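*Asks:* Submitted below is the structure of interest, expressed as structure tokens.
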Protein chains: 2
Amino acid sequence: MDVHGQQKAQEALDVEIKSFFDSAPPLRNIENVSEDLKKFIEMNSSGTRSARKVVCVTSGGTTVPLEQRCVRYIDNFSSGHRGAASTEYFLKAGYLVIFLYRKGTCQPYCSLLPDYPFLECFEFTHESGIQVRQPYSEAVKWAISEHHAAVADGTLLKLPFTTIFEYLQILHMVATSLRSLGPNALFYLAAAVSDFYVPWESMAEHKIQSGSGPLDMRLVQVPKMLSVLRSEWAPTAYCISFKLETDVKILLEKANAALKKYKMHMVIANELLTRKEEVTLVTDNENIHVRRDPKQVGDEVEKHIIEHIVEKHSTYVDNLDQKVSRDTGS
Amino acid sequence: MDVHGQQKAQEALDVEIKSFFDSAPPLRNIENVSEDLKKFIEMNSSGTRSARKVVCVTSGGTTVPLEQRCVRYIDNFSSGHRGAASTEYFLKAGYLVIFLYRKGTCQPYCSLLPDYPFLECFEFTHESGIQVRQPYSEAVKWAISEHHAAVADGTLLKLPFTTIFEYLQILHMVATSLRSLGPNALFYLAAAVSDFYVPWESMAEHKIQSGSGPLDMRLVQVPKMLSVLRSEWAPTAYCISFKLETDVKILLEKANAALKKYKMHMVIANELLTRKEEVTLVTDNENIHVRRDPKQVGDEVEKHIIEHIVEKHSTYVDNLDQKVSRDTGS
């Protein structure tokens, strides 16, 4: 595409994005989110913390309402396990984490708990009150203590979303807030974001009535926000997106295409069935194949992913700093 | 519709239903479900328990996968609060309950807990280990003890589902298992069941690719299983279905139509915004308007709904028993 073509495409995208945000229902708790973000950044921008890196981890799937008074919606399957586990390793590596997660999905430090943790983990006896049941004892203690420590310490900020509208509006707010951190900000976009949506104004106000034959639906594409995140919302941050496919044959090709198209610094390619075992980190100059060690108990692929990212991000910050030093002659 | 027309319609429905079940992916844990059901019924069909009534409460929304290797699906919003709370009142009234619920939705005895109960309810101190945080102390104790008591006692059987395919297959198994109980069986169908689905064989095998314009989808209607439940699966059970609308103007009309069309014994009509405050119990000979008393702390509309149902169900059993006595001359 020539420069003129690129400009045209950019203008078309800008129109799509404006139309998406204009049509989005207003974020209900916008003041709270804004306040929480402000506090989190202020708390961490003085003293020894000011040099710390900050990552925004997005996690879980977004929904697309099909009706304004939402009864039916399209959902994207995602347990949120990747985002939750990665958050733990980012915190361990000294990052501050903004965890932008789908309500009800996995939380950091909870991966060892059973699926329905609350009732299954506990028992009640009249003699000793509430007790953790034996098999879960250590996992529960660890989850509660680590999780509360991170939140109380101010190193973990949790922001929930449900719809695609909420997700993109909050992501925009986070990106804007982190702009002052320059290259020290990292976006780790593990959320499963809807590709298609029904524009709010063309949505049925009431519940769609059944009883009259098949239902035909037309969904329009969600504008590719990754481009805008890179070019406008967070132009100096290190940006990592994910590519999930069920067909391994097209996976790397798709990941490479996304890397170029959205100017990501890294795309993490994963296949639905093996995603907990292995992924490929696709960057401009290399593909790094990462897998967990199945012989090592409790080894998680996220541990290895984050190790690589911490290194790459560090190099990125150093290079940009040197560039700035050279440019300013200091 | 004349008799001939009715027969034609019935035949068409039979074909639709056969095609739905034929195209459904096989239930993964069918042996476990079957075993659990068998045990539950055996355990409760001897001694004093044999005269007890059994209710199957369905709860939460079903999903409709859009891809065979499921990444995207259509979901029906339902917290499962109605089903969970109703289960508590049925147990209290002496019923045995089969709780057929959507994974991850509300559980009985948990309605007083906060949205993210697990981590928020507890704290960990090195001195005393895990403790319930003050505001939740009573609610947590109650939830754990009541819930475990019901499960341990064998009066509550919990069966989870996710997709519409799983839901209808398990409901069919439950109905068949309860047939021997005759009028003592009750179906309380509070689940938000998908109206439309994509037949398994016409579903995309791999993830739907974005990048090529809008997405057009054609969904076909889920066959109306309520008819078959009444006429074939559980012909003598007392059957209650729900009608949820966002438009109050058409609510009662729709509920009445469902009552007649599916030959339900009762349809509970509720409007999305006021459903926790009030509902209308629509039956052949009367509409009963039920509301919770907002002045009474902790009063729930489900308490009043179940009181009415217990009475109606009792009358139904007595009438059928008398009819049988008359018919057999005993």
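How things are named: the first chain in the structure tokens is A, the next is B, and so on; residues count from 1 in each chain; ligands count from 1 in the order shown.
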I'd like the contact shell of Pro160 of chain A - 6 Å cut-off, only C-alpha atoms, skipping same-chain residues fewer than 5 positions apart - returned as a PyMOL selection string.

*Replies:* chain A and resi 100-103

*Asks:* Skip segment 124-134 of chain A itself and residues of its chain fewer than 3 positions away, then list as a VMD selection string all residues within 10 Å of it, counting only C-alpha atoms.

*Replies:* (chain A and resid 120 to 121 137 to 141) or (chain B and resid 129 to 132 137 140 to 146 148 to 149)

*Asks:* Apply DSSP to the backbone of this structure and, from segment 181-291 of chain B, keep only the residues in strand (DSSP E or B); write these as a PyMOL selection string.

*Replies:* chain B and resi 185-189+192+196-197+204+215-221+238-245+266-271+278-282+287-291

*Asks:* Residues of chain A near chain B: apply a cut-off of 7 Å, count only C-alpha atoms, and supply the list as a ChimeraX atom specification.

*Replies:* /A:71-77,117-119,122-124,130,141,144-145,195,206-207,210,213-221,245-247

*Asks:* Take the selection from the previous step and output its residues with C-alpha atoms, as a compact mmCIF listing (two decimals), in the first residue's frame.

*Replies:*
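This went into again.txt:
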# COMPACT_ATOMS: atom_id res chain seq x y z
CA VAL A 71 -30.74 -11.07 27.72
CA ARG A 72 -28.74 -12.65 24.90
CA TYR A 73 -25.15 -11.98 24.06
CA ILE A 74 -22.28 -13.52 22.14
CA ASP A 75 -19.40 -14.53 24.34
CA ASN A 76 -15.80 -15.48 23.66
CA PHE A 77 -14.58 -18.51 25.51
CA PRO A 117 -13.68 -23.06 45.13
CA PHE A 118 -15.89 -21.44 47.60
CA LEU A 119 -18.14 -24.17 48.90
CA PHE A 122 -14.42 -25.44 53.30
CA GLU A 123 -16.18 -27.33 55.98
CA PHE A 124 -17.97 -26.15 59.07
CA ILE A 130 -14.93 -22.84 59.40
CA LYS A 141 -3.75 -20.23 52.34
CA ILE A 144 -5.62 -15.66 50.20
CA SER A 145 -2.35 -14.39 51.58
CA ASP A 195 -14.22 -9.54 16.48
CA HIS A 206 -36.43 -5.58 23.69
CA LYS A 207 -35.82 -9.30 23.80
CA SER A 210 -38.74 -16.41 18.80
CA GLY A 213 -38.64 -19.09 11.73
CA PRO A 214 -34.85 -18.90 11.74
CA LEU A 215 -32.96 -15.91 13.12
CA ASP A 216 -30.69 -14.04 10.76
CA MET A 217 -28.10 -11.79 12.33
CA ARG A 218 -25.64 -9.41 10.81
CA LEU A 219 -22.67 -8.47 12.94
CA VAL A 220 -20.16 -5.82 11.95
CA GLN A 221 -16.44 -5.97 12.66
CA GLU A 245 -6.38 -20.37 16.52
CA THR A 246 -7.86 -23.84 16.48
CA ASP A 247 -6.12 -24.64 13.20

*Asks:* Find the residues near segment 34-37 of chain A: any atom within 9 Å, counting only C-alpha atoms, skip ones fewer than 6 places away on the same chain, and give them as a PyMOL selection string.

*Replies:* chain A and resi 98+157+159+170+173-174+177

*Asks:* Next, write the just-selected residues to a file, as a compact mmCIF listing (two decimals), in the first residue's frame, keeping C-alpha atoms as the atom set.

*Replies:*
# COMPACT_ATOMS: atom_id res chain seq x y z
CA ILE A 98 -3.18 -3.41 36.21
CA LEU A 157 -4.99 -3.01 40.61
CA LEU A 159 -10.48 -3.58 37.02
CA ILE A 170 -11.36 1.08 30.16
CA MET A 173 -8.38 5.08 30.00
CA VAL A 174 -5.52 2.85 31.19
CA SER A 177 -3.00 7.14 32.19

*Asks:* When you count only C-alpha atoms, which of these residues is closest to Thr283 of chain A: A:Lys158, A:His265, A:His81, A:Lys39?

*Replies:*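 Counting only C-alpha atoms, the residue closest to Thr283 of chain A is A:His265.
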
*Asks:* Within segment 127-259 of chain A, find each residue whose DSSP state, derived from the backbone, is helix (DSSP H, G or I), and express the selection as a VMD selection string.

*Replies:* chain A and resid 134 to 153 164 to 184 200 to 202 225 to 233 248 to 259

*Asks:* Rank nothing, just name the residue among A:Asn285, A:Ser19, A:Gln6, A:Asn184 nearest to Pro223 of chain A, using only C-alpha atoms.

*Replies:*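 So, comparing all the options, the nearest one is A:Ser19.
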
*Asks:* May I have the residues within 12 Å of Ala24 of chain B as an mmCIF file with N, CA and C atoms, in the first residue's frame, using only C-alpha atoms and disregarding those fewer than 6 positions away in the same chain?

*Replies:*
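What landed in out-v1.cif:
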data_model
loop_
_atom_site.group_PDB
_atom_site.id
_atom_site.type_symbol
_atom_site.label_atom_id
_atom_site.label_comp_id
_atom_site.auth_asym_id
_atom_site.auth_seq_id
_atom_site.Cartn_x
_atom_site.Cartn_y
_atom_site.Cartn_z
ATOM 1 N N ILE B 17 -37.074 -32.671 16.791
ATOM 2 C CA ILE B 17 -36.436 -33.107 18.029
ATOM 3 C C ILE B 17 -35.433 -34.217 17.765
ATOM 4 N N LYS B 18 -35.833 -35.143 16.911
ATOM 5 C CA LYS B 18 -34.916 -36.226 16.568
ATOM 6 C C LYS B 18 -33.657 -35.644 15.933
ATOM 7 N N VAL B 64 -25.014 -21.584 23.230
ATOM 8 C CA VAL B 64 -25.094 -22.143 21.892
ATOM 9 C C VAL B 64 -23.739 -21.947 21.227
ATOM 10 N N PRO B 65 -22.977 -23.010 21.054
ATOM 11 C CA PRO B 65 -21.668 -22.853 20.414
ATOM 12 C C PRO B 65 -21.827 -22.411 18.962
ATOM 13 N N GLN B 68 -17.395 -25.620 16.336
ATOM 14 C CA GLN B 68 -17.293 -26.943 16.974
ATOM 15 C C GLN B 68 -16.213 -26.959 18.037
ATOM 16 N N THR B 163 -23.769 -26.153 27.634
ATOM 17 C CA THR B 163 -24.432 -25.908 26.346
ATOM 18 C C THR B 163 -25.898 -26.351 26.368
ATOM 19 N N ILE B 164 -26.634 -25.872 25.385
ATOM 20 C CA ILE B 164 -28.029 -26.295 25.189
ATOM 21 C C ILE B 164 -28.104 -27.804 24.962
ATOM 22 N N PHE B 165 -27.069 -28.355 24.314
ATOM 23 C CA PHE B 165 -27.050 -29.797 24.060
ATOM 24 C C PHE B 165 -26.970 -30.572 25.379
ATOM 25 N N GLU B 166 -26.063 -30.152 26.239
ATOM 26 C CA GLU B 166 -25.924 -30.820 27.541
ATOM 27 C C GLU B 166 -27.202 -30.680 28.360
ATOM 28 N N TYR B 167 -27.735 -29.454 28.391
ATOM 29 C CA TYR B 167 -28.919 -29.182 29.192
ATOM 30 C C TYR B 167 -30.077 -30.115 28.818
ATOM 31 N N LEU B 168 -30.380 -30.187 27.522
ATOM 32 C CA LEU B 168 -31.555 -30.967 27.116
ATOM 33 C C LEU B 168 -31.330 -32.467 27.264
ATOM 34 N N GLN B 169 -30.086 -32.900 27.047
ATOM 35 C CA GLN B 169 -29.803 -34.325 27.235
ATOM 36 C C GLN B 169 -29.948 -34.722 28.705
ATOM 37 N N TYR B 197 -30.272 -22.066 17.773
ATOM 38 C CA TYR B 197 -28.977 -22.746 17.827
ATOM 39 C C TYR B 197 -28.442 -22.979 16.432
ATOM 40 N N VAL B 198 -27.161 -23.345 16.385
ATOM 41 C CA VAL B 198 -26.542 -23.720 15.125
ATOM 42 C C VAL B 198 -26.405 -25.241 15.159
ATOM 43 N N PRO B 199 -27.059 -25.952 14.238
ATOM 44 C CA PRO B 199 -26.933 -27.412 14.246
ATOM 45 C C PRO B 199 -25.460 -27.822 14.147
ATOM 46 N N TRP B 200 -25.080 -28.785 14.961
ATOM 47 C CA TRP B 200 -23.683 -29.192 15.098
ATOM 48 C C TRP B 200 -23.010 -29.446 13.750
ATOM 49 N N GLU B 201 -23.709 -30.125 12.851
ATOM 50 C CA GLU B 201 -23.047 -30.502 11.593
ATOM 51 C C GLU B 201 -22.871 -29.308 10.648
ATOM 52 N N SER B 202 -23.652 -28.244 10.848
ATOM 53 C CA SER B 202 -23.472 -27.095 9.954
ATOM 54 C C SER B 202 -22.593 -26.037 10.610
ATOM 55 N N MET B 203 -21.990 -26.395 11.751
ATOM 56 C CA MET B 203 -21.166 -25.450 12.502
ATOM 57 C C MET B 203 -19.749 -25.426 11.924
ATOM 58 N N VAL B 222 -34.550 -23.802 18.350
ATOM 59 C CA VAL B 222 -34.469 -25.006 19.169
ATOM 60 C C VAL B 222 -35.889 -25.567 19.244
#

*Asks:* Set the distance at 10 Å and use only C-alpha atoms: which residues neighbour Asn256 of chain B once local chain neighbours fewer than 2 positions away are removed? I'd like the list as a list of chain:residue names.

*Replies:* B:Lys243, B:Leu251, B:Leu252, B:Glu253, B:Lys254, B:Ala258, B:Leu259, B:Lys260, B:Lys261, B:Met264, B:Met266, B:Val267, B:Ile268, B:Ala269, B:Val282, B:Thr283, B:Asp284, B:Asn287

*Asks:* Could you tell me how far atom CA of Lys276 of chain A sits from atom CA of Gly154 of chain A, in Å to one decimal place?

*Replies:*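 Straight-line distance from atom CA of Gly154 of chain A to atom CA of Lys276 of chain A works out to 29.1 Å.
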
*Asks:* Atom CA of Ala185 of chain B to atom CA of Arg52 of chain B: how many Å, to one decimal?

*Replies:*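 Going from atom CA of Ala185 of chain B over to atom CA of Arg52 of chain B covers 9.3 Å.
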
*Asks:* Show me, as a list of chain:residue names, the residues that have an atom within 9 Å of Ala190 of chain B when counting only C-alpha atoms, minus same-chain residues fewer than 6 positions from it.

*Replies:*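 Non-adjacent residues within range: B:Val57, B:Thr58, B:Ser59, B:Gly60, B:Gly80, B:Arg82, B:Gly83, B:Ile240, B:Ser241, B:Phe242, B:Lys243, B:Ile268.
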